[in-house]
Structure formats: C-alpha cells, structure tokens
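Participant: Before we start, here is the structure in question, set down as structure tokens.
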Amino acid sequence: MSSMKKSKRKKKDRIIDTVLVVVIILLVAGTAASLFLKLQASNDLKNENETVAENRDDFDKLRAINPDVVAWITIDNTSIDFPVLQTTNNSKYLNTNVYGEPAVSGAIFMDYRCSADLSDQYTLIYGHHMRDGNMFSNIDKFKNEKFFESYRTGSFNLPMSQYELRTLSYLEADCRDADFYEPERWTKDNLQSLMSTILAKSIHFSPETAALVEQDPKCKIIVLSTCTAHDENLRSVLVLVASEK
C-alpha cells in the first residue's frame with residue numbers, strides 16, 4: 001500500500017474514532033441528564049407530598065390548596081399517604097398534581113362516577129405506578145403473600161367522617177374489565193355478587209376481612225388501581241373494606 005493510501009486510511013480512521021467518541025459522550029451526557037431529571041422529579045414530588053401532608057387533618061387548608069380534594073388515604077406500612085382528588089373526568093389528574101400544576105406523577109384521584117362522600121357501595125381510586133416507589137407503586141407489595149398477610153390496615157378520612165381500612169384482596173385485572181372499572185354497577189343490592197367476583201379473581205384474599213362485610217352492612221368497598229410494569233392493559237388492584245369509625 002502506498003504512503004498516500006496509508007495516510008488517507010489513517011485520516012479516515014481518526015475521523016471514525018472522533019465520531020465514535022462524540023457519540024459516546026452524547027450518550028453518556030443524555031443518560032446523565034435523564035437520570036438527573038428523574039431524580040429532580042422524584043425530589044420535587046417528595047417535597048410536594050411533605051408540604052401537603054402538613055395539612056392532612058385540616059380539609060379547609062387542603063381545599064385552599066386545591067378545592068378538588070375530597071379525602072385523605074393512608075395504607076399502613078407503605079408509602080401510600082395522599083390526598084384524594086376528584087373532578088368531572090378521569091383524565092385531568094393523570095398529569096396534574098395536587099397543586100394544579102403539570103406533573104408526570106399526576107395525583108391520586110377518585111373516579112368521577114363515584115360519590116365523593118363515600119355513600120356508594122363501591123369506590124374506585126386511581127394512581128400512577130412510579131418507579132421511585134411513589135404514588136400507588138406500593139400496591140405491588142401486596143402481591144407478596146407474606147406482606148399481604150402481615151399488613152392489613154389503613155385509613156380513609158373525609159371532611160365529615162373517618163373510616164378504618166382493612167385489606168380484602170390483591171388481584172390483577174384488565175383495564176377494560178367491567179367488573180372493576182364500571183363502579184356504578186355495584187350497589188348494596190348486589191354486594192354478595194361483588195364479593196364473589198372479587199374472590200374469583202383474587203391472587204390473595206382475606207376471609208377475615210370478608211367476614212367484616214357480613215357483620216357490618218354499612219361497610220364500603222374501596223378499590224385502588226395502578227398500572228403494572230409488564231402489561232400496558234393490566235392493572236394491579238388492591239381491594240379494601242372501609243368501616244366507619
């Protein structure tokens with residue numbers, strides 16, 4: 001090979017090497033920027049939660065932050081400890097936080113077809129599955145049978161009343177499953193049918209909590225729903241029984 005050809009080859013190799021280095025630098029920079037933004041979003045969400053939690057027992061203050069706040073939900077031994085919002089649709093709070101600001105984490109919100117005062121037999125509540133463990137991602141903990149059996153309690157507070165929560169079931173359901181995503185179909189008149197449906201589709205089920213439904217005709221069913229990581233149409237569902245204090 002002539003010296004001229006060798007020189008051209010070396011020059012070409014240097015250009016390729018330079019391009020590869022630039023591409024690698026851009027990829028590293030992009031990954032670092034993405035991680036920084038995710039960390040920042042997680043920190044922002046944590047700060048938002050801590051700020052609003054300061055007013056968790058005062059619905060006047062909560063509604064001063066956002067008049068759509070209708071309740072506060074806490075699931076013991078998890079990170080689920082949030083205000084519950086409700087508006088006239090199920091889309092607004094998918095990407096809007098409790099402060100009314102755009103946010104990928106959205107907010108915890110009640111299906112618009114449900115009664116905000118928990119007068120319905122069946123209440124459906126949604127929240128995102130955040131990778132940092134926030135919002136409703138901790139519902140996944142109940143997929144573990146030992147966790148499900150060990151931790152069963154929570155609370156659901158309204159402006160004028162308070163409820164104790166007991167875990168009834170963990171299951172996974174298609175987002176188009178009318179048994180869970182058409183809340184209006186369930187009333188006091190078909191409560192036993194609802195219980196049978198939940199039992200049939202459960203991964204874990206608590207007979208002890210089910211007995212509470214028979215003992216207390218005033219109890220309510222509250223369903224928490226979030227996305228799963230392995231199927232875009234599948235939802236992780238935690239079913240709770242609410243008994244007024």
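Chain lettering (A, B, ...) mirrors the order of the structure tokens, residue numbering begins at 1 for each chain separately, and ligand numbering begins at 1 in order of display.
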With the cut-off set at 9 Å and counting only C-alpha atoms, tabulate each residue of region 95-131 of chain A with an atom at most that distance from an atom of region 182-203 of chain A, showing the nearest atom pair and its distance in Å to one decimal, ordered by chain and increasing number, as a tab-separated table.
Facilitator:
residue	atom	partner	partner_atom	distance
A:Asp111	CA	A:Pro183	CA	8.3
A:Arg113	CA	A:Glu184	CA	7.0
A:Cys114	CA	A:Pro183	CA	7.0
A:Asp120	CA	A:Thr187	CA	7.0
A:Gln121	CA	A:Thr187	CA	5.2
A:Tyr122	CA	A:Pro183	CA	6.1
A:Thr123	CA	A:Pro183	CA	6.6
A:Leu124	CA	A:Pro183	CA	6.6
Participant: Based on the selection just made, write N, CA and C atoms of those residues as a CSV table (one decimal), in the first residue's frame.
Facilitator:
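Generated file (part-v2.csv):
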chain,number,residue,atom,x,y,z
A,111,ASP,N,-62.6,8.1,40.8
A,111,ASP,CA,-63.4,8.0,39.6
A,111,ASP,C,-64.5,9.0,39.7
A,113,ARG,N,-67.3,9.0,38.5
A,113,ARG,CA,-68.7,8.4,38.7
A,113,ARG,C,-69.0,8.0,40.1
A,114,CYS,N,-68.0,8.1,41.0
A,114,CYS,CA,-68.3,7.7,42.4
A,114,CYS,C,-68.7,8.9,43.2
A,120,ASP,N,-71.6,5.6,48.1
A,120,ASP,CA,-71.7,4.5,47.2
A,120,ASP,C,-71.2,3.2,47.8
A,121,GLN,N,-71.6,2.1,47.4
A,121,GLN,CA,-71.1,0.8,47.9
A,121,GLN,C,-69.7,0.6,47.4
A,122,TYR,N,-69.4,1.0,46.2
A,122,TYR,CA,-68.1,0.7,45.6
A,122,TYR,C,-67.5,2.0,45.1
A,123,THR,N,-66.2,2.2,45.5
A,123,THR,CA,-65.5,3.4,45.2
A,123,THR,C,-64.2,3.1,44.5
A,124,LEU,N,-63.9,3.7,43.4
A,124,LEU,CA,-62.7,3.4,42.6
A,124,LEU,C,-61.7,4.5,42.6
Participant: As JSON, numbers by chain, please: the residues near region 87-99 of chain A (cut-off 7 Å, only C-alpha atoms, same-chain neighbours under 6 positions excluded).
Facilitator: {"A": [65, 66, 68, 105, 106, 107, 109, 111, 112]}
Participant: Pull C-alpha atoms from the residues just selected and write them as a PDB file, in the first residue's frame.
Facilitator:
ATOM      1  CA  ILE A  65     -54.508  24.223  48.071  1.00  0.00           C
ATOM      2  CA  ASN A  66     -56.973  22.530  45.710  1.00  0.00           C
ATOM      3  CA  ASP A  68     -60.901  19.141  44.319  1.00  0.00           C
ATOM      4  CA  SER A 105     -46.736  11.769  38.566  1.00  0.00           C
ATOM      5  CA  GLY A 106     -50.254  13.211  38.449  1.00  0.00           C
ATOM      6  CA  ALA A 107     -52.292  12.862  41.640  1.00  0.00           C
ATOM      7  CA  PHE A 109     -57.899  10.649  42.233  1.00  0.00           C
ATOM      8  CA  ASP A 111     -63.352   8.037  39.596  1.00  0.00           C
ATOM      9  CA  TYR A 112     -65.717  10.858  38.629  1.00  0.00           C
TER      10      TYR A 112
END
Participant: Report as a PDB file with C-alpha atoms, in the first residue's frame all protein, DNA and RNA residues lying within 9 Å of Asn233 (chain A), evaluated on only C-alpha atoms, omitting residues in the same chain fewer than 2 positions from it.
Facilitator:
ATOM      1  CA  ALA A 173     -57.342  -7.020  36.212  1.00  0.00           C
ATOM      2  CA  ASP A 174     -57.548  -5.873  32.623  1.00  0.00           C
ATOM      3  CA  CYS A 175     -58.226  -2.129  32.447  1.00  0.00           C
ATOM      4  CA  ARG A 176     -61.315  -2.928  30.347  1.00  0.00           C
ATOM      5  CA  CYS A 227     -50.532   0.166  36.186  1.00  0.00           C
ATOM      6  CA  THR A 228     -48.316  -2.907  36.063  1.00  0.00           C
ATOM      7  CA  ASP A 231     -48.533  -5.319  30.528  1.00  0.00           C
ATOM      8  CA  ARG A 235     -53.706  -3.211  36.446  1.00  0.00           C
TER       9      ARG A 235
END
Participant: Please identify all polymer residues within 7 Å of Asn157 (chain A), counting only C-alpha atoms, omitting same-chain residues fewer than 6 positions from it, and present them as a PyMOL selection string.
Facilitator: chain A and resi 71-73+163
